[in-house]
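**Student:** Dropping in structure_28.txt, which is compact mmCIF, C-alpha atoms:
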```txt
# COMPACT_ATOMS: atom_id res chain seq x y z
CA MET A 626 -3.76 -26.64 7.11
CA ASN A 627 -0.74 -25.93 9.28
CA LEU A 628 -2.27 -25.12 12.67
CA ASP A 629 1.02 -23.83 14.00
CA ASN A 630 1.18 -21.21 11.24
CA VAL A 631 -2.42 -20.18 11.88
CA LEU A 632 -1.72 -19.75 15.60
CA GLN A 633 1.36 -17.67 14.81
CA ALA A 634 -0.76 -15.55 12.46
CA VAL A 635 -3.25 -14.99 15.29
CA VAL A 636 -0.38 -13.87 17.54
CA MET A 637 0.75 -11.55 14.73
CA LEU A 638 -2.78 -10.09 14.62
CA GLY A 639 -2.66 -9.32 18.34
CA GLN A 640 0.85 -7.92 18.36
CA GLY A 641 0.45 -6.10 15.04
CA MET A 642 -2.79 -4.30 15.87
CA ALA A 643 -1.51 -3.46 19.37
CA GLY A 644 1.67 -2.03 17.80
CA ILE A 645 -0.23 0.07 15.27
CA PHE A 646 -2.69 1.42 17.85
CA VAL A 647 0.13 2.25 20.27
CA VAL A 648 2.14 4.10 17.60
CA LEU A 649 -0.83 6.06 16.23
CA GLY A 650 -2.34 6.60 19.69
CA VAL A 651 0.90 8.07 21.05
CA ILE A 652 1.28 10.25 17.95
CA ALA A 653 -2.32 11.49 18.35
CA LEU A 654 -1.65 12.37 22.00
CA LEU A 655 1.54 14.21 21.09
CA VAL A 656 -0.32 16.16 18.40
CA LEU A 657 -2.95 17.14 20.99
CA LEU A 658 -0.15 18.23 23.30
CA MET A 659 1.37 20.35 20.53
CA HIS A 660 -2.04 21.99 19.98
CA LYS A 661 -2.27 22.76 23.70
CA LEU A 662 1.17 24.37 23.64
CA ASP A 663 0.18 26.40 20.58
CA ASP A 664 -3.02 27.56 22.29
CA ARG A 665 -1.09 28.63 25.38
CA LYS A 666 1.33 30.63 23.25
CA LYS A 667 -1.59 32.49 21.68
CA MET B 1254 21.65 -24.22 -48.39
CA LEU B 1255 21.41 -21.22 -46.06
CA ASP B 1256 20.01 -22.21 -42.66
CA MET B 1257 17.20 -19.75 -41.82
CA SER B 1258 15.80 -21.64 -38.84
CA PHE B 1259 17.17 -18.97 -36.46
CA LEU B 1260 14.29 -16.73 -37.61
CA TRP B 1261 11.63 -18.88 -35.97
CA GLN B 1262 13.71 -20.84 -33.42
CA SER B 1263 12.81 -18.41 -30.64
CA ALA B 1264 9.13 -18.17 -31.57
CA LEU B 1265 8.81 -21.95 -31.61
CA SER B 1266 10.18 -22.23 -28.07
CA VAL B 1267 7.34 -20.16 -26.54
CA THR B 1268 5.59 -22.07 -23.78
CA TRP B 1269 1.86 -21.88 -23.03
CA GLN B 1270 2.71 -20.24 -19.70
CA GLN B 1271 4.48 -17.44 -21.56
CA LEU B 1272 1.44 -17.03 -23.81
CA VAL B 1273 -0.66 -16.64 -20.66
CA MET B 1274 1.74 -13.93 -19.49
CA TYR B 1275 1.38 -12.05 -22.80
CA ALA B 1276 -2.36 -12.07 -22.15
CA VAL B 1277 -1.83 -10.90 -18.55
CA GLY B 1278 0.46 -8.12 -19.82
CA GLY B 1279 -2.14 -7.16 -22.41
CA ILE B 1280 -4.89 -7.04 -19.78
CA LEU B 1281 -2.78 -4.81 -17.51
CA ILE B 1282 -2.05 -2.44 -20.41
CA TYR B 1283 -5.76 -2.44 -21.33
CA LEU B 1284 -6.80 -1.67 -17.73
CA ALA B 1285 -4.23 1.13 -17.56
CA VAL B 1286 -4.89 2.72 -20.94
CA GLU B 1287 -8.61 2.13 -21.49
CA LYS B 1288 -9.91 2.10 -17.91
CA GLY B 1289 -7.38 4.47 -16.35
CA PHE B 1290 -6.59 2.02 -13.50
CA GLU B 1291 -3.27 3.11 -11.90
CA PRO B 1292 -1.79 3.67 -15.39
CA ALA B 1293 1.60 4.81 -14.08
CA LEU B 1294 2.20 1.37 -12.59
CA LEU B 1295 0.01 -1.09 -14.45
CA MET B 1296 1.13 0.02 -17.92
CA PRO B 1297 4.89 -0.46 -17.25
CA MET B 1298 4.14 -3.71 -15.40
CA GLY B 1299 2.06 -5.02 -18.29
CA PHE B 1300 4.67 -4.12 -20.89
CA GLY B 1301 7.44 -5.48 -18.68
CA ALA B 1302 5.51 -8.74 -18.25
CA ILE B 1303 5.63 -9.18 -22.03
CA LEU B 1304 9.34 -8.27 -22.26
CA VAL B 1305 10.54 -10.70 -19.58
CA ASN B 1306 8.50 -13.56 -21.03
CA LEU B 1307 9.84 -13.41 -24.57
CA PRO B 1308 11.95 -16.55 -25.11
CA LEU B 1309 15.64 -15.94 -24.36
CA SER B 1310 14.68 -12.34 -23.60
CA GLY B 1311 17.60 -9.92 -23.51
CA VAL B 1312 16.11 -8.00 -20.58
CA ILE B 1313 16.95 -10.84 -18.19
CA ASN B 1314 20.26 -12.65 -17.73
CA GLN B 1315 20.84 -15.42 -20.26
CA PHE B 1316 23.52 -17.98 -20.93
CA SER B 1317 24.34 -19.25 -24.38
CA GLN B 1318 27.14 -21.48 -25.62
CA GLY B 1319 28.32 -18.98 -28.18
CA VAL B 1320 28.38 -15.80 -26.12
CA GLY B 1321 28.44 -16.98 -22.52
CA GLU B 1322 26.50 -15.02 -19.91
CA THR B 1323 24.72 -11.81 -20.88
CA HIS B 1324 23.14 -9.44 -18.37
CA GLY B 1325 19.61 -8.16 -18.80
CA ILE B 1326 18.58 -4.62 -17.84
CA ILE B 1327 15.31 -5.52 -16.07
CA GLN B 1328 17.00 -8.20 -13.99
CA TRP B 1329 19.79 -5.75 -13.11
CA LEU B 1330 17.26 -3.08 -12.12
CA PHE B 1331 15.41 -5.61 -9.97
CA GLU B 1332 18.52 -6.99 -8.28
CA THR B 1333 19.98 -3.54 -7.65
CA GLY B 1334 16.92 -1.41 -7.02
CA ILE B 1335 14.63 -3.82 -5.22
CA GLU B 1336 16.32 -7.06 -4.17
CA ALA B 1337 19.58 -5.67 -2.82
CA SER B 1338 18.30 -2.65 -0.92
CA GLU B 1339 14.57 -2.14 -1.57
CA ALA B 1340 15.79 1.29 -2.72
CA MET B 1341 13.03 1.95 -5.28
CA PRO B 1342 9.97 1.53 -3.03
CA ILE B 1343 11.74 3.33 -0.17
CA LEU B 1344 12.83 6.29 -2.32
CA LEU B 1345 9.30 6.53 -3.68
CA PHE B 1346 8.15 7.23 -0.13
CA ILE B 1347 10.11 10.53 -0.13
CA GLY B 1348 7.94 11.68 -3.03
CA ILE B 1349 4.75 10.39 -1.43
CA GLY B 1350 5.60 12.10 1.87
CA ALA B 1351 6.23 15.36 0.04
CA MET B 1352 2.81 15.11 -1.62
CA ILE B 1353 0.77 14.59 1.55
CA ASP B 1354 -0.82 17.44 3.46
CA PHE B 1355 -1.41 16.09 6.97
CA GLY B 1356 -3.24 19.31 7.95
CA PRO B 1357 -6.80 17.86 8.09
CA LEU B 1358 -5.55 14.99 10.27
CA LEU B 1359 -3.53 17.25 12.56
CA ALA B 1360 -6.67 19.36 13.04
CA ASN B 1361 -8.62 16.28 14.17
CA PRO B 1362 -6.16 13.81 15.78
CA LYS B 1363 -8.98 11.48 16.89
CA LEU B 1364 -9.10 10.22 13.31
CA PHE B 1365 -5.62 8.70 13.72
CA LEU B 1366 -7.48 5.75 15.23
CA CYS B 1367 -9.41 5.15 12.00
CA GLY B 1368 -6.15 4.58 10.17
CA ALA B 1369 -5.05 2.09 12.80
CA ALA B 1370 -8.33 0.13 12.78
CA ALA B 1371 -8.49 -0.17 9.01
CA GLN B 1372 -5.24 -2.16 8.97
CA ALA B 1373 -7.02 -5.13 10.57
CA GLY B 1374 -7.73 -6.56 7.12
CA ILE B 1375 -3.99 -7.17 6.72
CA PHE B 1376 -3.76 -9.41 9.77
CA LEU B 1377 -7.09 -11.17 9.25
CA THR B 1378 -5.98 -12.01 5.69
CA ILE B 1379 -2.66 -13.33 7.02
CA ILE B 1380 -4.66 -15.75 9.19
CA ILE B 1381 -6.79 -16.83 6.21
CA ALA B 1382 -3.72 -17.27 3.99
CA ALA B 1383 -1.97 -19.31 6.67
CA ALA B 1384 -5.11 -21.44 7.04
CA LEU B 1385 -5.09 -22.02 3.28
CA GLY B 1386 -1.61 -23.51 3.58
CA PHE B 1387 0.69 -20.65 2.67
CA ASP B 1388 4.02 -20.47 4.49
CA LEU B 1389 3.87 -17.79 7.24
CA LYS B 1390 6.19 -15.36 5.42
CA ASP B 1391 4.20 -15.74 2.21
CA ALA B 1392 0.95 -15.35 4.18
CA ALA B 1393 2.28 -12.12 5.73
CA SER B 1394 3.34 -10.83 2.30
CA ILE B 1395 -0.12 -11.61 0.91
CA GLY B 1396 -1.87 -9.99 3.88
CA ILE B 1397 0.08 -6.78 3.38
CA ILE B 1398 -1.84 -6.26 0.10
CA GLY B 1399 -4.47 -4.97 2.56
CA ALA B 1400 -2.18 -2.04 3.34
CA ALA B 1401 -3.56 -0.66 0.05
CA ASP B 1402 -0.08 0.67 -0.50
CA GLY B 1403 1.90 -0.66 -3.47
CA PRO B 1404 5.44 0.25 -2.37
CA THR B 1405 4.84 -1.21 1.12
CA SER B 1406 3.50 -4.45 -0.40
CA ILE B 1407 6.53 -4.76 -2.69
CA LEU B 1408 8.97 -3.95 0.08
CA VAL B 1409 7.53 -6.33 2.70
CA SER B 1410 7.17 -9.22 0.25
CA GLN B 1411 10.72 -8.65 -0.99
CA VAL B 1412 12.26 -8.40 2.49
CA LEU B 1413 10.44 -11.58 3.53
CA HIS B 1414 11.70 -13.30 0.34
CA SER B 1415 8.18 -14.20 -0.69
CA ASN B 1416 7.78 -16.48 -3.69
CA TYR B 1417 4.91 -14.34 -4.95
CA VAL B 1418 6.27 -10.78 -5.26
CA GLY B 1419 4.88 -10.33 -8.78
CA ALA B 1420 1.37 -11.52 -7.98
CA ILE B 1421 1.33 -9.43 -4.79
CA ALA B 1422 2.36 -6.27 -6.65
CA VAL B 1423 -0.24 -6.84 -9.36
CA ALA B 1424 -2.95 -7.46 -6.75
CA ALA B 1425 -1.96 -4.43 -4.64
CA TYR B 1426 -2.03 -1.98 -7.54
CA SER B 1427 -5.08 -3.49 -9.24
CA TYR B 1428 -7.22 -3.35 -6.11
CA MET B 1429 -6.03 0.17 -5.28
CA ALA B 1430 -7.42 1.17 -8.64
CA LEU B 1431 -10.62 -0.75 -7.90
CA VAL B 1432 -11.28 1.00 -4.57
CA PRO B 1433 -14.26 2.92 -6.07
CA ILE B 1434 -15.89 -0.44 -6.78
CA ILE B 1435 -14.74 -2.53 -3.77
CA GLN B 1436 -15.35 -0.02 -0.98
CA PRO B 1437 -19.00 0.90 -1.68
CA PHE B 1438 -19.82 -2.83 -1.70
CA ALA B 1439 -17.95 -3.45 1.58
CA ILE B 1440 -19.32 -0.34 3.29
CA LYS B 1441 -22.93 -1.12 2.34
CA LEU B 1442 -22.52 -4.58 3.89
CA VAL B 1443 -22.15 -3.04 7.36
CA THR B 1444 -23.98 0.31 7.22
CA THR B 1445 -27.57 1.44 6.90
CA GLN B 1446 -28.82 4.40 4.87
CA LYS B 1447 -29.15 6.28 8.20
CA ASP B 1448 -25.49 5.55 9.06
CA ARG B 1449 -24.33 6.85 5.72
CA ALA B 1450 -26.45 9.99 6.00
CA MET B 1451 -24.97 10.94 9.38
CA ARG B 1452 -23.62 14.49 9.11
CA MET B 1453 -20.41 15.72 10.68
CA PRO B 1454 -19.83 19.43 11.17
CA TYR B 1455 -16.51 20.67 9.84
CA THR B 1456 -14.75 23.78 11.00
CA ALA B 1457 -11.44 24.49 9.36
CA GLN B 1458 -8.78 24.68 12.07
CA SER B 1459 -5.40 26.17 11.46
CA VAL B 1460 -2.38 24.08 12.37
CA SER B 1461 0.74 25.92 13.45
CA ARG B 1462 3.93 25.71 11.40
CA ARG B 1463 5.75 24.35 14.44
CA THR B 1464 3.29 21.44 14.73
CA ARG B 1465 3.59 20.69 11.01
CA ILE B 1466 7.39 20.60 11.27
CA LEU B 1467 7.52 18.61 14.50
CA PHE B 1468 4.95 16.08 13.28
CA PRO B 1469 7.16 14.09 10.84
CA ILE B 1470 9.96 13.99 13.41
CA VAL B 1471 7.61 12.80 16.16
CA VAL B 1472 6.07 10.12 13.91
CA SER B 1473 9.50 8.77 12.90
CA VAL B 1474 10.77 8.62 16.48
CA VAL B 1475 7.63 7.02 17.95
CA ALA B 1476 7.37 4.44 15.15
CA GLY B 1477 11.10 3.78 15.44
CA PHE B 1478 10.87 3.08 19.17
CA VAL B 1479 7.93 0.67 18.86
CA ALA B 1480 8.83 -1.02 15.56
CA PRO B 1481 12.42 -0.33 14.53
CA ALA B 1482 11.89 -2.30 11.32
CA SER B 1483 9.46 0.40 10.20
CA VAL B 1484 12.10 3.16 10.26
CA ALA B 1485 13.04 2.83 6.58
CA LEU B 1486 9.40 3.06 5.49
CA VAL B 1487 8.12 5.63 7.98
CA GLY B 1488 11.39 7.58 8.07
CA PHE B 1489 11.52 8.19 4.33
CA LEU B 1490 7.79 9.00 4.16
CA MET B 1491 8.25 11.54 6.94
CA PHE B 1492 11.51 12.86 5.45
CA GLY B 1493 9.54 13.76 2.34
CA ASN B 1494 6.89 15.43 4.49
CA LEU B 1495 9.49 17.37 6.46
CA ILE B 1496 10.97 18.69 3.20
CA ARG B 1497 7.45 19.83 2.27
CA GLU B 1498 6.58 21.45 5.58
CA CYS B 1499 9.87 23.03 6.63
CA GLY B 1500 9.24 25.91 4.24
CA VAL B 1501 12.87 26.43 3.24
CA LEU B 1502 13.23 23.62 0.70
CA SER B 1503 10.41 24.32 -1.72
CA SER B 1504 12.53 23.45 -4.74
CA LEU B 1505 13.50 20.07 -3.23
CA SER B 1506 9.88 19.48 -2.23
CA GLN B 1507 8.74 20.09 -5.81
CA THR B 1508 11.49 17.79 -7.12
CA ALA B 1509 10.47 15.03 -4.69
CA GLN B 1510 6.78 15.39 -5.60
CA ASN B 1511 7.36 15.44 -9.34
CA GLU B 1512 10.69 14.37 -10.84
CA LEU B 1513 11.73 11.88 -8.13
CA ALA B 1514 8.30 10.29 -7.74
CA ASN B 1515 7.81 10.10 -11.52
CA LEU B 1516 11.24 8.64 -12.19
CA ILE B 1517 10.93 5.96 -9.53
CA THR B 1518 7.36 5.13 -10.57
CA LEU B 1519 8.48 4.85 -14.19
CA LEU B 1520 11.19 2.35 -13.28
CA LEU B 1521 9.36 0.54 -10.46
CA GLY B 1522 6.60 -0.80 -12.69
CA ILE B 1523 8.86 -2.24 -15.37
CA THR B 1524 11.35 -3.47 -12.76
CA ILE B 1525 8.76 -5.38 -10.74
CA ALA B 1526 7.83 -7.14 -13.97
CA PHE B 1527 10.95 -9.25 -13.42
CA SER B 1528 8.94 -11.16 -10.81
CA MET B 1529 6.24 -11.81 -13.42
CA ARG B 1530 8.17 -14.46 -15.31
CA ALA B 1531 5.86 -17.26 -16.44
CA ASP B 1532 7.50 -19.95 -14.31
CA GLN B 1533 6.87 -17.85 -11.19
CA PHE B 1534 3.53 -16.29 -12.07
CA VAL B 1535 1.44 -18.90 -13.87
CA ARG B 1536 0.41 -21.15 -11.01
CA PRO B 1537 -2.77 -21.71 -9.01
CA GLU B 1538 -1.44 -19.71 -6.04
CA THR B 1539 -1.56 -16.52 -8.14
CA LEU B 1540 -5.35 -16.81 -8.42
CA MET B 1541 -5.57 -17.46 -4.68
CA ILE B 1542 -3.46 -14.34 -4.02
CA MET B 1543 -5.74 -12.23 -6.22
CA CYS B 1544 -8.77 -13.49 -4.21
CA LEU B 1545 -7.01 -12.96 -0.87
CA GLY B 1546 -6.04 -9.42 -1.86
CA LEU B 1547 -9.69 -8.64 -2.51
CA VAL B 1548 -10.64 -10.17 0.85
CA ALA B 1549 -8.01 -7.96 2.56
CA PHE B 1550 -9.46 -4.78 1.03
CA VAL B 1551 -13.02 -5.76 2.01
CA LEU B 1552 -11.99 -6.65 5.57
CA ASP B 1553 -10.08 -3.36 5.96
CA SER B 1554 -13.21 -1.42 5.07
CA VAL B 1555 -15.58 -3.56 7.15
CA VAL B 1556 -13.42 -3.45 10.29
CA GLY B 1557 -12.85 0.30 9.83
CA VAL B 1558 -16.62 0.92 9.76
CA LEU B 1559 -17.31 -1.39 12.72
CA PHE B 1560 -14.54 0.26 14.75
CA VAL B 1561 -16.13 3.69 14.34
CA LYS B 1562 -19.52 2.27 15.31
CA VAL B 1563 -17.99 0.98 18.55
CA LEU B 1564 -16.08 4.24 19.10
CA ASN B 1565 -19.35 6.18 18.74
CA LEU B 1566 -20.76 4.30 21.75
CA PHE B 1567 -18.17 5.99 23.95
CA THR B 1568 -17.78 9.48 22.47
CA LYS B 1569 -19.95 12.59 22.47
CA SER B 1570 -19.17 13.89 18.99
CA LYS B 1571 -20.21 11.09 16.65
CA ILE B 1572 -18.25 10.10 13.57
CA ASN B 1573 -19.97 8.89 10.41
CA PRO B 1574 -19.11 5.14 10.40
CA MET B 1575 -18.02 5.33 6.77
CA ILE B 1576 -15.06 7.48 7.85
CA GLY B 1577 -13.60 4.32 9.36
CA ALA B 1578 -13.38 2.77 5.90
CA ALA B 1579 -11.36 5.76 4.71
CA GLY B 1580 -8.57 4.66 7.04
CA ILE B 1581 -6.93 2.69 4.25
CA SER B 1582 -3.94 4.07 2.41
CA ALA B 1583 -5.54 4.40 -1.03
CA PHE B 1584 -5.47 8.21 -1.28
CA PRO B 1585 -7.49 10.07 -2.48
CA MET B 1586 -9.73 7.36 -3.97
CA SER B 1587 -11.08 6.25 -0.62
CA SER B 1588 -11.95 9.81 0.50
CA ARG B 1589 -13.85 10.38 -2.73
CA VAL B 1590 -15.80 7.14 -2.27
CA ILE B 1591 -16.91 8.22 1.23
CA GLU B 1592 -17.90 11.69 0.04
CA LYS B 1593 -19.92 10.17 -2.82
CA LEU B 1594 -21.68 7.61 -0.61
CA GLY B 1595 -22.48 10.32 1.94
CA GLN B 1596 -24.04 12.50 -0.74
CA GLN B 1597 -26.01 9.58 -2.15
CA ALA B 1598 -27.57 9.11 1.30
CA ASP B 1599 -28.10 12.84 1.84
CA PRO B 1600 -27.22 15.36 -0.89
CA GLN B 1601 -26.29 17.95 1.77
CA ASN B 1602 -23.88 15.62 3.55
CA HIS B 1603 -20.24 16.67 3.06
CA LEU B 1604 -17.73 14.29 4.58
CA LEU B 1605 -14.73 14.90 2.34
CA MET B 1606 -12.42 16.69 4.78
CA HIS B 1607 -13.05 14.13 7.54
CA ALA B 1608 -12.48 11.31 5.07
CA VAL B 1609 -9.25 12.94 3.87
CA ALA B 1610 -8.03 13.10 7.48
CA ALA B 1611 -8.73 9.39 8.02
CA ASN B 1612 -7.24 8.60 4.62
CA VAL B 1613 -3.88 10.27 5.34
CA SER B 1614 -3.90 8.57 8.73
CA GLY B 1615 -4.18 5.33 6.76
CA GLN B 1616 -1.05 6.31 4.84
CA ILE B 1617 0.94 6.45 8.06
CA ALA B 1618 -0.79 3.39 9.50
CA SER B 1619 -0.08 1.27 6.42
CA VAL B 1620 3.67 1.87 6.53
CA VAL B 1621 3.64 1.29 10.29
CA ALA B 1622 1.74 -1.96 9.61
CA GLY B 1623 4.41 -2.99 7.11
CA GLY B 1624 7.09 -2.24 9.70
CA VAL B 1625 5.22 -4.10 12.43
CA VAL B 1626 4.93 -7.20 10.23
CA LEU B 1627 8.67 -7.07 9.50
CA GLN B 1628 9.32 -6.50 13.20
CA TYR B 1629 7.38 -9.66 14.06
CA PHE B 1630 9.75 -11.76 11.92
CA THR B 1631 12.79 -9.87 13.20
CA ASN B 1632 11.77 -10.73 16.77
CA LEU B 1633 11.28 -14.38 15.82
CA GLY B 1634 15.03 -14.48 15.23
```
Spit out the file's structure as structure tokens when you get a sec.

**Tutor:**
Amino acid sequence: MNLDNVLQAVVMLGQGMAGIFVVLGVIALLVLLMHKLDDRKK
Amino acid sequence: MLDMSFLWQSALSVTWQQLVMYAVGGILIYLAVEKGFEPALLMPMGFGAILVNLPLSGVINQFSQGVGETHGIIQWLFETGIEASEAMPILLFIGIGAMIDFGPLLANPKLFLCGAAAQAGIFLTIIIAAALGFDLKDAASIGIIGAADGPTSILVSQVLHSNYVGAIAVAAYSYMALVPIIQPFAIKLVTTQKDRAMRMPYTAQSVSRRTRILFPIVVSVVAGFVAPASVALVGFLMFGNLIRECGVLSSLSQTAQNELANLITLLLGITIAFSMRADQFVRPETLMIMCLGLVAFVLDSVVGVLFVKVLNLFTKSKINPMIGAAGISAFPMSSRVIEKLGQQADPQNHLLMHAVAANVSGQIASVVAGGVVLQYFTNLG
């Protein structure tokens, strides 16, 4: 077992999941904002 | 006397590894035709696996003393359509994007988080693969099977120059087809009957045309800022969706959903068979990759369910934990599985629309995950 590779994979887990949550979280917030703007227009 | 040995010269040069590949090809065709498992991909892959493994096959480049070098069509398709530009999987995303209705997700944006959580199986599998001794790029390519998204798996493994593109493609498409078997097992591991019976009220909410049009643009820009390597994947998926939602390109939208998607799918399966040559495919690592792919799918579902259970501790309106498992990209199989399990627990429990929302979130999340993995290696320099 290459411990260095495993540690890098753990770093990838942290960075990867953070990246995915940030992207989808920001998109979700922007969608909510768009709904708010639509509601105001109505 | 007339020398007739040329008639059996080729047949006599068959290796046992090539015989194994004929069996693999036969199994893929059987699964596609008899069992209906992803037939559009597994059937061409199975047939292609036989073609590329015939001795001195004319579908791959060959060199002979008498003729010199000849070029094979499947090798050319692979080198041009996948190796040189990853064009085939990327173009397929236009068709996929044009097919997806993000309406249920836009009506309930909280479910974006389910798509994000269910990608954890990818990264956990990368750790396991690395621990088993795979090179980090190969481990990442194997982990991406957990994206439950064939084109993303092919693209990431190809960009990272993985040695196992064929095995990864076979695993990705086979397990996508096996979602109705894998997911109930994984979900039942971490839920009780009471969890599965939890009802969720659904009120159909209209989503404005402006939101539907802005959505693909917003997704592309946000994903591009955070993980530029994901732009090809996310951008083409969202381009297809923009064509669908803009309302003025209905003919292009229909073409993307039907002719384009069908043409690329037709060629992608037989083209990816180039990476199923016996010398590359028949090795112990292939079996390990098949097992790791299964682990990735199970972990996606388990983490998705556990994430929703944790989320429910902090929110007023509770989500059925099974919805978390629908955050994988396998659409619509995963949504159907959740609906079926919900109804088994309580015949009046209808979860389909919530599951669809999480499922389409998984389609975005899986391509973002692919981009994030590529970004990690880009940043390594």

**Student:** Near Leu1358 of chain B, counting all atoms listed in the file, which residues have an atom at most 12 Å away, once you skip same-chain residues fewer than 6 positions from it, shown as a VMD selection string?

**Tutor:** (chain A and resid 649 652 to 653 656 to 657) or (chain B and resid 1364 to 1368 1457 to 1460 1464 to 1465 1468 1580 1606 to 1617)

**Student:** Write out the residues from the selection above, keeping C-alpha atoms, as a PDB file, in the frame of the given file.

**Tutor:**
```pdb
ATOM      1  CA  LEU A 649      -0.830   6.060  16.230  1.00  0.00           C
ATOM      2  CA  ILE A 652       1.280  10.250  17.950  1.00  0.00           C
ATOM      3  CA  ALA A 653      -2.320  11.490  18.350  1.00  0.00           C
ATOM      4  CA  VAL A 656      -0.320  16.160  18.400  1.00  0.00           C
ATOM      5  CA  LEU A 657      -2.950  17.140  20.990  1.00  0.00           C
TER       6      LEU A 657
ATOM      7  CA  LEU B1364      -9.100  10.220  13.310  1.00  0.00           C
ATOM      8  CA  PHE B1365      -5.620   8.700  13.720  1.00  0.00           C
ATOM      9  CA  LEU B1366      -7.480   5.750  15.230  1.00  0.00           C
ATOM     10  CA  CYS B1367      -9.410   5.150  12.000  1.00  0.00           C
ATOM     11  CA  GLY B1368      -6.150   4.580  10.170  1.00  0.00           C
ATOM     12  CA  ALA B1457     -11.440  24.490   9.360  1.00  0.00           C
ATOM     13  CA  GLN B1458      -8.780  24.680  12.070  1.00  0.00           C
ATOM     14  CA  SER B1459      -5.400  26.170  11.460  1.00  0.00           C
ATOM     15  CA  VAL B1460      -2.380  24.080  12.370  1.00  0.00           C
ATOM     16  CA  THR B1464       3.290  21.440  14.730  1.00  0.00           C
ATOM     17  CA  ARG B1465       3.590  20.690  11.010  1.00  0.00           C
ATOM     18  CA  PHE B1468       4.950  16.080  13.280  1.00  0.00           C
ATOM     19  CA  GLY B1580      -8.570   4.660   7.040  1.00  0.00           C
ATOM     20  CA  MET B1606     -12.420  16.690   4.780  1.00  0.00           C
ATOM     21  CA  HIS B1607     -13.050  14.130   7.540  1.00  0.00           C
ATOM     22  CA  ALA B1608     -12.480  11.310   5.070  1.00  0.00           C
ATOM     23  CA  VAL B1609      -9.250  12.940   3.870  1.00  0.00           C
ATOM     24  CA  ALA B1610      -8.030  13.100   7.480  1.00  0.00           C
ATOM     25  CA  ALA B1611      -8.730   9.390   8.020  1.00  0.00           C
ATOM     26  CA  ASN B1612      -7.240   8.600   4.620  1.00  0.00           C
ATOM     27  CA  VAL B1613      -3.880  10.270   5.340  1.00  0.00           C
ATOM     28  CA  SER B1614      -3.900   8.570   8.730  1.00  0.00           C
ATOM     29  CA  GLY B1615      -4.180   5.330   6.760  1.00  0.00           C
ATOM     30  CA  GLN B1616      -1.050   6.310   4.840  1.00  0.00           C
ATOM     31  CA  ILE B1617       0.940   6.450   8.060  1.00  0.00           C
TER      32      ILE B1617
END
```

**Student:** Name all residues at most 9 Å from Ala634 of chain A (count only C-alpha atoms; drop same-chain ones fewer than 3 positions away) and give them as a PyMOL selection string.

**Tutor:** (chain A and resi 629-631+637-639) or (chain B and resi 1376-1377+1379-1381+1383+1389+1392-1393)

**Student:** One number please: atom CA of Met1453 of chain B to atom CA of Asn1602 of chain B, in Å, one decimal.

**Tutor:**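 Atom CA of Met1453 of chain B sits 7.9 Å away from atom CA of Asn1602 of chain B.
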
**Student:** One decimal, Å: what's the distance from atom CA of Ser1483 of chain B over to atom CA of Ala1549 of chain B, could you say?

**Tutor:**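 For atom CA of Ser1483 of chain B relative to atom CA of Ala1549 of chain B, the distance reads 20.8 Å.
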
**Student:** In Å to one decimal, how far is atom CA of Val1409 of chain B from atom CA of Ser1394 of chain B?

**Tutor:** 6.2 Å

**Student:** Using all atoms listed in the file, which of B:Val1563, B:Ala1370, B:Cys1544, B:Ala1439 sits nearest Phe646 of chain A?

**Tutor:**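 Looking at the shortest contact to Phe646 of chain A, the residue is B:Ala1370.
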
**Student:** Between B:Leu1513, B:Met1451, B:Val1551, B:Ala1424, which has the minimum distance to His1603 of chain B (counting all atoms listed in the file)?

**Tutor:**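 For His1603 of chain B, the nearest of the given residues is B:Met1451.
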
**Student:** Segment 1583-1590 of chain B: which residues within 10 Å, counting all atoms listed in the file, same-chain residues fewer than 3 positions away excluded, as a VMD selection string?

**Tutor:** chain B and resid 1353 1400 to 1403 1426 1428 to 1437 1440 1554 1575 to 1576 1578 to 1580 1593 to 1596 1604 to 1613 1615 to 1616 1619

**Student:** Segment 1463-1479 of chain B, all listed atoms, 6 Å padding on each side: what axis-aligned box centre and edge lengths in Å to one decimal come out, as AutoDock Vina command-line options?

**Tutor:**
```
--center_x 7.2 --center_y 12.5 --center_z 15.0 --size_x 19.8 --size_y 35.7 --size_z 20.3
```

**Student:** Between B:Thr1508, B:Pro1404, B:Thr1378, B:Pro1308, which one has atoms that come closest to Val1548 of chain B, using all atoms listed in the file?

**Tutor:**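 The shortest atom-to-atom distance to Val1548 of chain B comes from B:Thr1378.
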